[in-house]
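Asker: First the structure, then my questions, so here it is.
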Amino acid sequence: MIGVLLMAYGAAADLDDLPRYYTHIRHGHPPSAEQLQNLTDRYRAIGSHSPLLEITRAQADALSMRLNRTHSGAYKVYLGLKHAAPFIADGVEAMVRDGVTEAVGIVLAPHYSRLSVGDYLKEVETAREELHADFVWHGVKNWHREPLLIEALSRRVKTALARFQGMPSMVIFTAHSLPQTILHDGDPYPQQLRETGEAVAEYLALSQYTFAWQSAGRTPEPWMGPDILDKITGLANEGWMRQLVCPVGFVSDHLEILYDLDIEATRHAEAMGIHLERTALFNDDPELADILAEVVLGVVS
């Protein structure tokens, strides 16, 4: 049997789980009262609950159905979350227990950085060593140029642009910001974001598009920019009063989308008289299962 370890960031189960969740993100260091209150306020603003875990489970179920539709019983999909149960090590342990002979690991983020996808894959390797797992392992580093992904993103951009009724507009492709330290090592993350956006722009023959970063961490070190709020302001100063955000670095609605874009960025734009829209994310759309299945089937032996 071939196992597929589908990995994602994870989220707090509820407001009571926020201290544990934030402490885990901070590598065991509890957040300050101010930091915890800030996160609590953001969670409350989106309804006190992130839908990420439910969405990720639905994505895993959809991928399992898609893979076994043409390869009946050959695949089993496991979840492995970075900051919530079931953790990545739990997923690896379940594969060992089930006697998986070959496994593919794929992170629900299309672009590679050593601080993001690289970290997930490193956790898998640690778990495999500790559990003496002997299955054949394929760790997918990126899938940012997968043709089905570009086509699906392009359809979403086209649908969203229609809300501007043919008026001139600017498309902003975004991904999660990371500390600028990755730039010193030649990390491919920024270039891969650009490649995804350029592929979508080419598919749609877009001439007006740009790039920004969002959801930077609240830490002392500098993070990559321009930040989405600064980009929105700069474009408005250039006369772009209709802007479309396409968060290509994300596949699910969660705090970084529902708060950082739908609340914070939207309020920022409205205060400047800007018509801001964003593209729909995949969530449990079967299109995502098709994309992921193509990636998985492309690496198994």
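Every chain in the structure tokens has a letter given in the order shown (A, B, ...), and although residue numbers restart at 1 in each chain, ligands are simply numbered from 1 in the order shown.
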When DSSP works through the backbone of this structure, what residues of segment 171-205 of chain A end up as strand (DSSP E or B), shown as JSON, numbers by chain?
Answerer: {"A": [171, 172, 173, 174, 175, 176, 179]}
Asker: So that I can see what lies close to Gly105 of chain A, please list as a ChimeraX atom specification the residues with an atom at most 10 Å from it, counting only C-alpha atoms and leaving out residues fewer than 6 positions away in the same chain.
Answerer: /A:3-7,77-80,92,120-121,124,137-141,296
Asker: Atoms to include: N, CA and C atoms. Write the selected residues as an mmCIF file, in the first residue's frame.
Answerer:
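Output (out.cif):
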data_model
loop_
_atom_site.group_PDB
_atom_site.id
_atom_site.type_symbol
_atom_site.label_atom_id
_atom_site.label_comp_id
_atom_site.auth_asym_id
_atom_site.auth_seq_id
_atom_site.Cartn_x
_atom_site.Cartn_y
_atom_site.Cartn_z
ATOM 1 N N GLY A 3 1.248 5.095 0.993
ATOM 2 C CA GLY A 3 0.715 6.112 1.891
ATOM 3 C C GLY A 3 0.991 7.505 1.354
ATOM 4 N N VAL A 4 0.076 8.413 1.588
ATOM 5 C CA VAL A 4 0.264 9.815 1.228
ATOM 6 C C VAL A 4 0.125 10.635 2.500
ATOM 7 N N LEU A 5 1.201 11.278 2.906
ATOM 8 C CA LEU A 5 1.168 12.113 4.093
ATOM 9 C C LEU A 5 0.875 13.547 3.662
ATOM 10 N N LEU A 6 -0.346 13.976 3.906
ATOM 11 C CA LEU A 6 -0.777 15.323 3.543
ATOM 12 C C LEU A 6 -0.526 16.231 4.742
ATOM 13 N N MET A 7 0.336 17.223 4.548
ATOM 14 C CA MET A 7 0.780 18.051 5.675
ATOM 15 C C MET A 7 0.281 19.479 5.558
ATOM 16 N N VAL A 77 -4.470 7.997 2.569
ATOM 17 C CA VAL A 77 -4.020 9.348 2.872
ATOM 18 C C VAL A 77 -4.026 9.569 4.388
ATOM 19 N N TYR A 78 -2.929 10.105 4.888
ATOM 20 C CA TYR A 78 -2.764 10.394 6.311
ATOM 21 C C TYR A 78 -2.561 11.898 6.491
ATOM 22 N N LEU A 79 -3.033 12.421 7.605
ATOM 23 C CA LEU A 79 -2.808 13.823 7.933
ATOM 24 C C LEU A 79 -1.607 13.974 8.850
ATOM 25 N N GLY A 80 -0.844 15.036 8.638
ATOM 26 C CA GLY A 80 0.252 15.380 9.529
ATOM 27 C C GLY A 80 0.317 16.892 9.661
ATOM 28 N N VAL A 92 3.377 9.761 10.390
ATOM 29 C CA VAL A 92 4.427 8.795 10.047
ATOM 30 C C VAL A 92 4.240 7.506 10.842
ATOM 31 N N TYR A 120 8.834 20.973 7.282
ATOM 32 C CA TYR A 120 7.916 19.829 7.331
ATOM 33 C C TYR A 120 8.661 18.538 6.963
ATOM 34 N N LEU A 121 9.395 18.596 5.872
ATOM 35 C CA LEU A 121 10.093 17.398 5.409
ATOM 36 C C LEU A 121 11.169 16.963 6.400
ATOM 37 N N VAL A 124 9.532 14.976 9.063
ATOM 38 C CA VAL A 124 9.254 13.613 8.591
ATOM 39 C C VAL A 124 10.499 12.753 8.740
ATOM 40 N N TRP A 137 10.460 6.527 0.494
ATOM 41 C CA TRP A 137 9.924 7.850 0.800
ATOM 42 C C TRP A 137 10.171 8.842 -0.344
ATOM 43 N N HIS A 138 9.122 9.576 -0.713
ATOM 44 C CA HIS A 138 9.218 10.648 -1.702
ATOM 45 C C HIS A 138 8.683 11.926 -1.059
ATOM 46 N N GLY A 139 9.547 12.878 -0.809
ATOM 47 C CA GLY A 139 9.107 14.146 -0.247
ATOM 48 C C GLY A 139 8.995 15.193 -1.343
ATOM 49 N N VAL A 140 7.793 15.684 -1.586
ATOM 50 C CA VAL A 140 7.561 16.681 -2.636
ATOM 51 C C VAL A 140 7.975 18.058 -2.100
ATOM 52 N N LYS A 141 8.904 18.695 -2.789
ATOM 53 C CA LYS A 141 9.386 20.003 -2.336
ATOM 54 C C LYS A 141 8.480 21.144 -2.787
ATOM 55 N N VAL A 296 1.145 13.578 -6.774
ATOM 56 C CA VAL A 296 1.450 12.286 -6.138
ATOM 57 C C VAL A 296 1.770 11.226 -7.187
#
Asker: Please provide as a PDB file with C-alpha atoms, in the first residue's frame all residues within 8 Å of Leu15 of chain A, with the sequence filter that same-chain residues fewer than 4 positions apart are discarded (counting only C-alpha atoms).
Answerer:
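Dumped to out-v5.pdb:
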ATOM      1  CA  THR A  40      -7.230  35.936  20.616  1.00  0.00           C
ATOM      2  CA  TYR A  43      -9.591  34.665  16.259  1.00  0.00           C
ATOM      3  CA  SER A  48     -13.551  32.446  17.440  1.00  0.00           C
ATOM      4  CA  HIS A  49     -12.672  29.446  15.290  1.00  0.00           C
TER       5      HIS A  49
END
Asker: For Leu131 of chain A, which of A:Leu206, A:Ala89, A:Leu115, A:Ala62 is the closest residue, counting only C-alpha atoms?
Answerer: A:Ala89
Asker: Residues of segment 99-178 of chain A that have any atom at most 9 Å from an atom of segment 273-281 of chain A: could you tabulate them with the shortest-distance atom pair and the distance in Å to one decimal, using only C-alpha atoms, ordered by chain and increasing number, as JSON lines?
Answerer:
{"residue": "A:Leu153", "atom": "CA", "partner": "A:Thr279", "partner_atom": "CA", "distance": 8.4}
{"residue": "A:Arg156", "atom": "CA", "partner": "A:Thr279", "partner_atom": "CA", "distance": 5.7}
{"residue": "A:Val157", "atom": "CA", "partner": "A:Thr279", "partner_atom": "CA", "distance": 5.9}
{"residue": "A:Lys158", "atom": "CA", "partner": "A:Thr279", "partner_atom": "CA", "distance": 8.9}
{"residue": "A:Thr159", "atom": "CA", "partner": "A:Thr279", "partner_atom": "CA", "distance": 7.9}
{"residue": "A:Ala160", "atom": "CA", "partner": "A:Thr279", "partner_atom": "CA", "distance": 5.7}
{"residue": "A:Leu161", "atom": "CA", "partner": "A:Glu277", "partner_atom": "CA", "distance": 8.3}
{"residue": "A:Arg163", "atom": "CA", "partner": "A:Glu277", "partner_atom": "CA", "distance": 8.1}
{"residue": "A:Phe164", "atom": "CA", "partner": "A:His275", "partner_atom": "CA", "distance": 8.5}
Asker: Quick one: residues within 7 Å of Pro179 of chain A, only C-alpha atoms counted, chain neighbours fewer than 3 positions away excluded, as number ranges by chain?
Answerer: A: 182, 221-224
Asker: Looking at only C-alpha atoms, which of A:Gly73, A:Gln35, A:Leu229, A:Tyr22 is the one that sits closest to Arg267 of chain A?
Answerer: A:Leu229
Asker: Among segment 190-280 of chain A, which residues does DSSP mark as alpha helix (DSSP H) when it is run on the backbone? Keep the chain and numbering as in the structure and answer as a PyMOL selection string.
Answerer: chain A and resi 190-204+228-237+255-258+266-271
Asker: Dump C-alpha atoms for the selected residues as a PDB file, in the first residue's frame?
Answerer:
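Heads up, here's the output in result.pdb:
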ATOM      1  CA  PRO A 190      10.497  34.364  -3.676  1.00  0.00           C
ATOM      2  CA  GLN A 191      11.306  33.194  -7.187  1.00  0.00           C
ATOM      3  CA  GLN A 192       8.750  30.410  -7.033  1.00  0.00           C
ATOM      4  CA  LEU A 193       6.033  32.883  -6.027  1.00  0.00           C
ATOM      5  CA  ARG A 194       6.979  34.987  -9.019  1.00  0.00           C
ATOM      6  CA  GLU A 195       6.926  31.948 -11.321  1.00  0.00           C
ATOM      7  CA  THR A 196       3.397  31.027 -10.227  1.00  0.00           C
ATOM      8  CA  GLY A 197       2.107  34.560 -10.712  1.00  0.00           C
ATOM      9  CA  GLU A 198       3.811  34.941 -14.071  1.00  0.00           C
ATOM     10  CA  ALA A 199       2.400  31.613 -15.257  1.00  0.00           C
ATOM     11  CA  VAL A 200      -1.125  32.728 -14.342  1.00  0.00           C
ATOM     12  CA  ALA A 201      -0.560  36.102 -15.976  1.00  0.00           C
ATOM     13  CA  GLU A 202       0.671  34.405 -19.141  1.00  0.00           C
ATOM     14  CA  TYR A 203      -2.298  32.018 -19.159  1.00  0.00           C
ATOM     15  CA  LEU A 204      -4.722  34.957 -18.951  1.00  0.00           C
ATOM     16  CA  ILE A 228       0.219  43.706   1.295  1.00  0.00           C
ATOM     17  CA  LEU A 229      -1.017  46.833   3.123  1.00  0.00           C
ATOM     18  CA  ASP A 230       1.924  48.865   1.846  1.00  0.00           C
ATOM     19  CA  LYS A 231       1.374  47.490  -1.643  1.00  0.00           C
ATOM     20  CA  ILE A 232      -2.312  48.451  -1.587  1.00  0.00           C
ATOM     21  CA  THR A 233      -1.369  51.984  -0.527  1.00  0.00           C
ATOM     22  CA  GLY A 234       1.376  52.304  -3.130  1.00  0.00           C
ATOM     23  CA  LEU A 235      -0.878  51.136  -5.947  1.00  0.00           C
ATOM     24  CA  ALA A 236      -3.595  53.578  -4.862  1.00  0.00           C
ATOM     25  CA  ASN A 237      -1.051  56.393  -4.993  1.00  0.00           C
ATOM     26  CA  LEU A 255      -6.651  33.173   9.915  1.00  0.00           C
ATOM     27  CA  GLU A 256      -4.176  34.574   7.354  1.00  0.00           C
ATOM     28  CA  ILE A 257      -6.985  34.816   4.811  1.00  0.00           C
ATOM     29  CA  LEU A 258     -10.113  35.437   6.871  1.00  0.00           C
ATOM     30  CA  THR A 266     -10.275  45.152   3.293  1.00  0.00           C
ATOM     31  CA  ARG A 267     -10.622  47.826   5.988  1.00  0.00           C
ATOM     32  CA  HIS A 268      -7.350  49.388   4.870  1.00  0.00           C
ATOM     33  CA  ALA A 269      -8.539  49.519   1.268  1.00  0.00           C
ATOM     34  CA  GLU A 270     -11.989  50.844   2.136  1.00  0.00           C
ATOM     35  CA  ALA A 271     -10.454  53.691   4.137  1.00  0.00           C
TER      36      ALA A 271
END
